[in-house]
There are 2 protein chains.
Amino acid sequence: MGETKDVRRRRKAAPSKGDLREQAILDAAERQLSEDGLDGMTVETIAKAAGITRGALYFYFGSKNDVLAALVERTVSTLHADVTSAADDSTPGEALREGVRQTAQMWREHGTVMRAAIELSPVVPAIDKAWRPAVAAVAVATRNIAEQAGVPAGNGPQEAAALTAALVWMTERSFYQATVTGGSLEDTAATLTHLWLTALRIDA
Amino acid sequence: MGETKDVRRRRKAAPSKGDLREQAILDAAERQLSEDGLDGMTVETIAKAAGITRGALYFYFGSKNDVLAALVERTVSTLHADVTSAADDSTPGEALREGVRQTAQMWREHGTVMRAAIELSPVVPAIDKAWRPAVAAVAVATRNIAEQAGVPAGNGPQEAAALTAALVWMTERSFYQATVTGGSLEDTAATLTHLWLTALRIDA
DNA sequence: GCACAAAGTCTACACACTGTCGAAAAAACT
DNA sequence: AGTTTTTTCGACAGTGTGTAGACTTTGTGC
């Protein structure tokens, strides 16, 4: 089985200049992701793009998946900050609009990483562990907005939690599709904001 | 690269009893999918479960991915039939309700295959080629219902085509999530029907 | 009942990629 | 200069895919 051993041999907490290499590796991975895509992206090619050999790369990361997971983590942490900050906007309607706008912007800047995260999340536990919480965090933020807007609070199938969860998945998936098929992110954003508002009966 | 050669050496159109083997292979694959999941599902194990060796399996299918693709195709073809038949129901509202019901039922019966299709679709072109049209067909069916219910027709960001597309993705993703996390399909269905109806402003 | 092809099956091999080991080189520290 | 710690490398082993060619079974016309 391709299971990754639990035994780490990374360095403890060295402050050394090798940390730069770590970032360089992530940069190389992201660059290669945009240029060549997931296919043909092997540990060898990542290492070479970062100017080292495979063996050296395994000093910094325990596995190929760890590299991707770290990359996703790095990207996702900023999304989380953006969306939650949008939450305290004037009106609920404006908060939602802004949230969608932020998400679209994120896709514009880091689309390849987001895309890779979604595609690999189901298959790579390490990535799932980074991606799922990020989505969940967005769901929580929007649930608060929804409840503030008068959507019945609670965990029932037709109450705020479930409704916003489904809408967040819709958002994730729609932007993903737009990215994959080369569709317009602006149009997608317009569709999504419209659906969010009508689905939650905000600002008739 | 794991590219599959275009050279086929399958048999032409033999009516022989070897066709049974072909089905047996798919059955074995589906069974193994439900029992062991995607991980550790190798050509070896599929072949063994079907009572043949790896080499023999490659006589029937050109690659491992071809096996999965065929399995998805077999499953998806029935979904398509179900949903389009639901389209000609009495009222638009009832048609949508029925559509969601049918989809839920599909997930109940073939959840593991659906799940595998979604997870592998981004990574395996052959599977994508089977899955994407199926989703698109459902989107078309629902778009017709929506337009019939008074949603402005057209391809603009806030018109029927785009709206139903996004909602279909929401449906796909929500059932998928429910399956993965072990959530209730009934509750998910309830949430989804509610969202479909309010998002399209049907039956206030 | 038999030659001969087609359909079906097998074992063995080649190849790609991941992850591991232990030894060498570079840096940092004394 | 001596020694430890960090970093790098080349070589190896394991696992899984797909391919090649030989061998067996099944059918079919004579």
# chains A, B, ... in the order shown; residues from 1 in each chain; ligands from 1
>>> residues_around(residues="Ser174 in chain B", least_positions_apart="2", cutoff="8 Å", atoms="only C-alpha atoms (C1' of nucleotides)", output="PDB file with all heavy atoms, in the first residue's frame")
ATOM      1  N   ALA A 166     -24.823  23.686   1.819  1.00  0.00           N
ATOM      2  CA  ALA A 166     -25.081  23.305   0.427  1.00  0.00           C
ATOM      3  C   ALA A 166     -24.675  24.425  -0.528  1.00  0.00           C
ATOM      4  O   ALA A 166     -24.079  24.183  -1.584  1.00  0.00           O
ATOM      5  CB  ALA A 166     -26.554  22.958   0.253  1.00  0.00           C
ATOM      6  N   TRP A 169     -20.940  24.544  -1.005  1.00  0.00           N
ATOM      7  CA  TRP A 169     -20.498  23.511  -1.942  1.00  0.00           C
ATOM      8  C   TRP A 169     -20.800  23.922  -3.374  1.00  0.00           C
ATOM      9  O   TRP A 169     -20.008  23.692  -4.286  1.00  0.00           O
ATOM     10  CB  TRP A 169     -21.151  22.176  -1.632  1.00  0.00           C
ATOM     11  CG  TRP A 169     -20.633  21.544  -0.370  1.00  0.00           C
ATOM     12  CD1 TRP A 169     -21.360  21.187   0.728  1.00  0.00           C
ATOM     13  CD2 TRP A 169     -19.276  21.196  -0.066  1.00  0.00           C
ATOM     14  NE1 TRP A 169     -20.548  20.648   1.698  1.00  0.00           N
ATOM     15  CE2 TRP A 169     -19.259  20.646   1.227  1.00  0.00           C
ATOM     16  CE3 TRP A 169     -18.074  21.316  -0.760  1.00  0.00           C
ATOM     17  CZ2 TRP A 169     -18.082  20.196   1.851  1.00  0.00           C
ATOM     18  CZ3 TRP A 169     -16.898  20.866  -0.160  1.00  0.00           C
ATOM     19  CH2 TRP A 169     -16.914  20.323   1.126  1.00  0.00           C
TER      20      TRP A 169
ATOM     21  N   MET B 170     -24.519  21.884  -7.180  1.00  0.00           N
ATOM     22  CA  MET B 170     -24.801  21.854  -5.746  1.00  0.00           C
ATOM     23  C   MET B 170     -25.355  20.501  -5.344  1.00  0.00           C
ATOM     24  O   MET B 170     -24.950  19.909  -4.334  1.00  0.00           O
ATOM     25  CB  MET B 170     -25.807  22.951  -5.384  1.00  0.00           C
ATOM     26  CG  MET B 170     -26.322  22.865  -3.959  1.00  0.00           C
ATOM     27  SD  MET B 170     -27.570  24.121  -3.603  1.00  0.00           S
ATOM     28  CE  MET B 170     -29.010  23.421  -4.421  1.00  0.00           C
ATOM     29  N   THR B 171     -26.262  20.003  -6.143  1.00  0.00           N
ATOM     30  CA  THR B 171     -26.877  18.710  -5.836  1.00  0.00           C
ATOM     31  C   THR B 171     -25.845  17.594  -5.858  1.00  0.00           C
ATOM     32  O   THR B 171     -25.743  16.796  -4.919  1.00  0.00           O
ATOM     33  CB  THR B 171     -27.990  18.409  -6.858  1.00  0.00           C
ATOM     34  OG1 THR B 171     -28.896  19.501  -6.885  1.00  0.00           O
ATOM     35  CG2 THR B 171     -28.714  17.129  -6.500  1.00  0.00           C
ATOM     36  N   GLU B 172     -25.082  17.563  -6.911  1.00  0.00           N
ATOM     37  CA  GLU B 172     -24.032  16.542  -7.023  1.00  0.00           C
ATOM     38  C   GLU B 172     -23.132  16.581  -5.803  1.00  0.00           C
ATOM     39  O   GLU B 172     -22.914  15.570  -5.133  1.00  0.00           O
ATOM     40  CB  GLU B 172     -23.222  16.811  -8.305  1.00  0.00           C
ATOM     41  CG  GLU B 172     -22.187  15.763  -8.615  1.00  0.00           C
ATOM     42  CD  GLU B 172     -20.818  16.362  -8.878  1.00  0.00           C
ATOM     43  OE1 GLU B 172     -20.272  16.974  -7.929  1.00  0.00           O
ATOM     44  OE2 GLU B 172     -20.306  16.219 -10.014  1.00  0.00           O
ATOM     45  N   TYR B 176     -22.718  13.904  -2.640  1.00  0.00           N
ATOM     46  CA  TYR B 176     -21.383  13.336  -2.493  1.00  0.00           C
ATOM     47  C   TYR B 176     -20.877  13.511  -1.062  1.00  0.00           C
ATOM     48  O   TYR B 176     -20.418  12.561  -0.437  1.00  0.00           O
ATOM     49  CB  TYR B 176     -20.415  13.995  -3.481  1.00  0.00           C
ATOM     50  CG  TYR B 176     -18.972  13.656  -3.231  1.00  0.00           C
ATOM     51  CD1 TYR B 176     -18.467  12.413  -3.584  1.00  0.00           C
ATOM     52  CD2 TYR B 176     -18.120  14.576  -2.621  1.00  0.00           C
ATOM     53  CE1 TYR B 176     -17.136  12.091  -3.339  1.00  0.00           C
ATOM     54  CE2 TYR B 176     -16.798  14.264  -2.373  1.00  0.00           C
ATOM     55  CZ  TYR B 176     -16.308  13.026  -2.736  1.00  0.00           C
ATOM     56  OH  TYR B 176     -14.998  12.718  -2.487  1.00  0.00           O
ATOM     57  N   GLN B 177     -21.006  14.726  -0.567  1.00  0.00           N
ATOM     58  CA  GLN B 177     -20.555  14.997   0.794  1.00  0.00           C
ATOM     59  C   GLN B 177     -21.294  14.133   1.805  1.00  0.00           C
ATOM     60  O   GLN B 177     -20.706  13.587   2.730  1.00  0.00           O
ATOM     61  CB  GLN B 177     -20.743  16.473   1.144  1.00  0.00           C
ATOM     62  CG  GLN B 177     -19.744  17.385   0.488  1.00  0.00           C
ATOM     63  CD  GLN B 177     -18.315  17.052   0.871  1.00  0.00           C
ATOM     64  OE1 GLN B 177     -18.042  16.615   1.981  1.00  0.00           O
ATOM     65  NE2 GLN B 177     -17.401  17.227  -0.079  1.00  0.00           N
ATOM     66  N   ALA B 178     -22.595  14.033   1.614  1.00  0.00           N
ATOM     67  CA  ALA B 178     -23.380  13.232   2.540  1.00  0.00           C
ATOM     68  C   ALA B 178     -22.878  11.795   2.542  1.00  0.00           C
ATOM     69  O   ALA B 178     -22.739  11.160   3.594  1.00  0.00           O
ATOM     70  CB  ALA B 178     -24.858  13.287   2.165  1.00  0.00           C
ATOM     71  N   THR B 188     -30.418  15.485   3.329  1.00  0.00           N
ATOM     72  CA  THR B 188     -29.797  16.196   2.219  1.00  0.00           C
ATOM     73  C   THR B 188     -30.827  16.482   1.132  1.00  0.00           C
ATOM     74  O   THR B 188     -30.904  17.605   0.604  1.00  0.00           O
ATOM     75  CB  THR B 188     -28.647  15.368   1.623  1.00  0.00           C
ATOM     76  OG1 THR B 188     -27.715  15.044   2.660  1.00  0.00           O
ATOM     77  CG2 THR B 188     -27.939  16.137   0.526  1.00  0.00           C
TER      78      THR B 188
END
>>> closest_atom_pairs(of="chain C", to="chain A", cutoff="10 Å", atoms="only C-alpha atoms (C1' of nucleotides)", output="tab-separated table")
residue	atom	partner	partner_atom	distance
C:DC17	C1'	A:Thr42	CA	7.7
C:DT18	C1'	A:Gly2	CA	8.3
C:DG19	C1'	A:Ser63	CA	7.6
C:DT20	C1'	A:Gly55	CA	9.5
>>> write_last_selection(atoms="C-alpha atoms (C1' of nucleotides)", output="short mmCIF file (atom, residue, chain, number, x, y, z; two decimals), in the first residue's frame")
data_model
loop_
_atom_site.label_atom_id
_atom_site.label_comp_id
_atom_site.auth_asym_id
_atom_site.auth_seq_id
_atom_site.Cartn_x
_atom_site.Cartn_y
_atom_site.Cartn_z
"C1'" DC C 17 7.49 6.30 -9.82
"C1'" DT C 18 7.67 6.43 -4.84
"C1'" DG C 19 10.02 6.13 -0.61
"C1'" DT C 20 14.36 4.53 2.20
#
>>> atom_distance(atom1="CA of Ala117 in chain A", atom2="C1' of DT15 in chain D")
25.5 Å
>>> closest_atom_pairs(of="chain D", to="chain B", cutoff="9 Å", atoms="only C-alpha atoms (C1' of nucleotides)", output="CSV")
residue,atom,partner,partner_atom,distance
D:DG16,C1',B:Thr42,CA,7.6
D:DT17,C1',B:Gly2,CA,8.1
D:DG18,C1',B:Ser63,CA,7.6
>>> closest_residue(among="B:Ala81, B:Ala29, B:Val113, B:Ala199", to="chain A", atoms="only C-alpha atoms")
B:Ala199
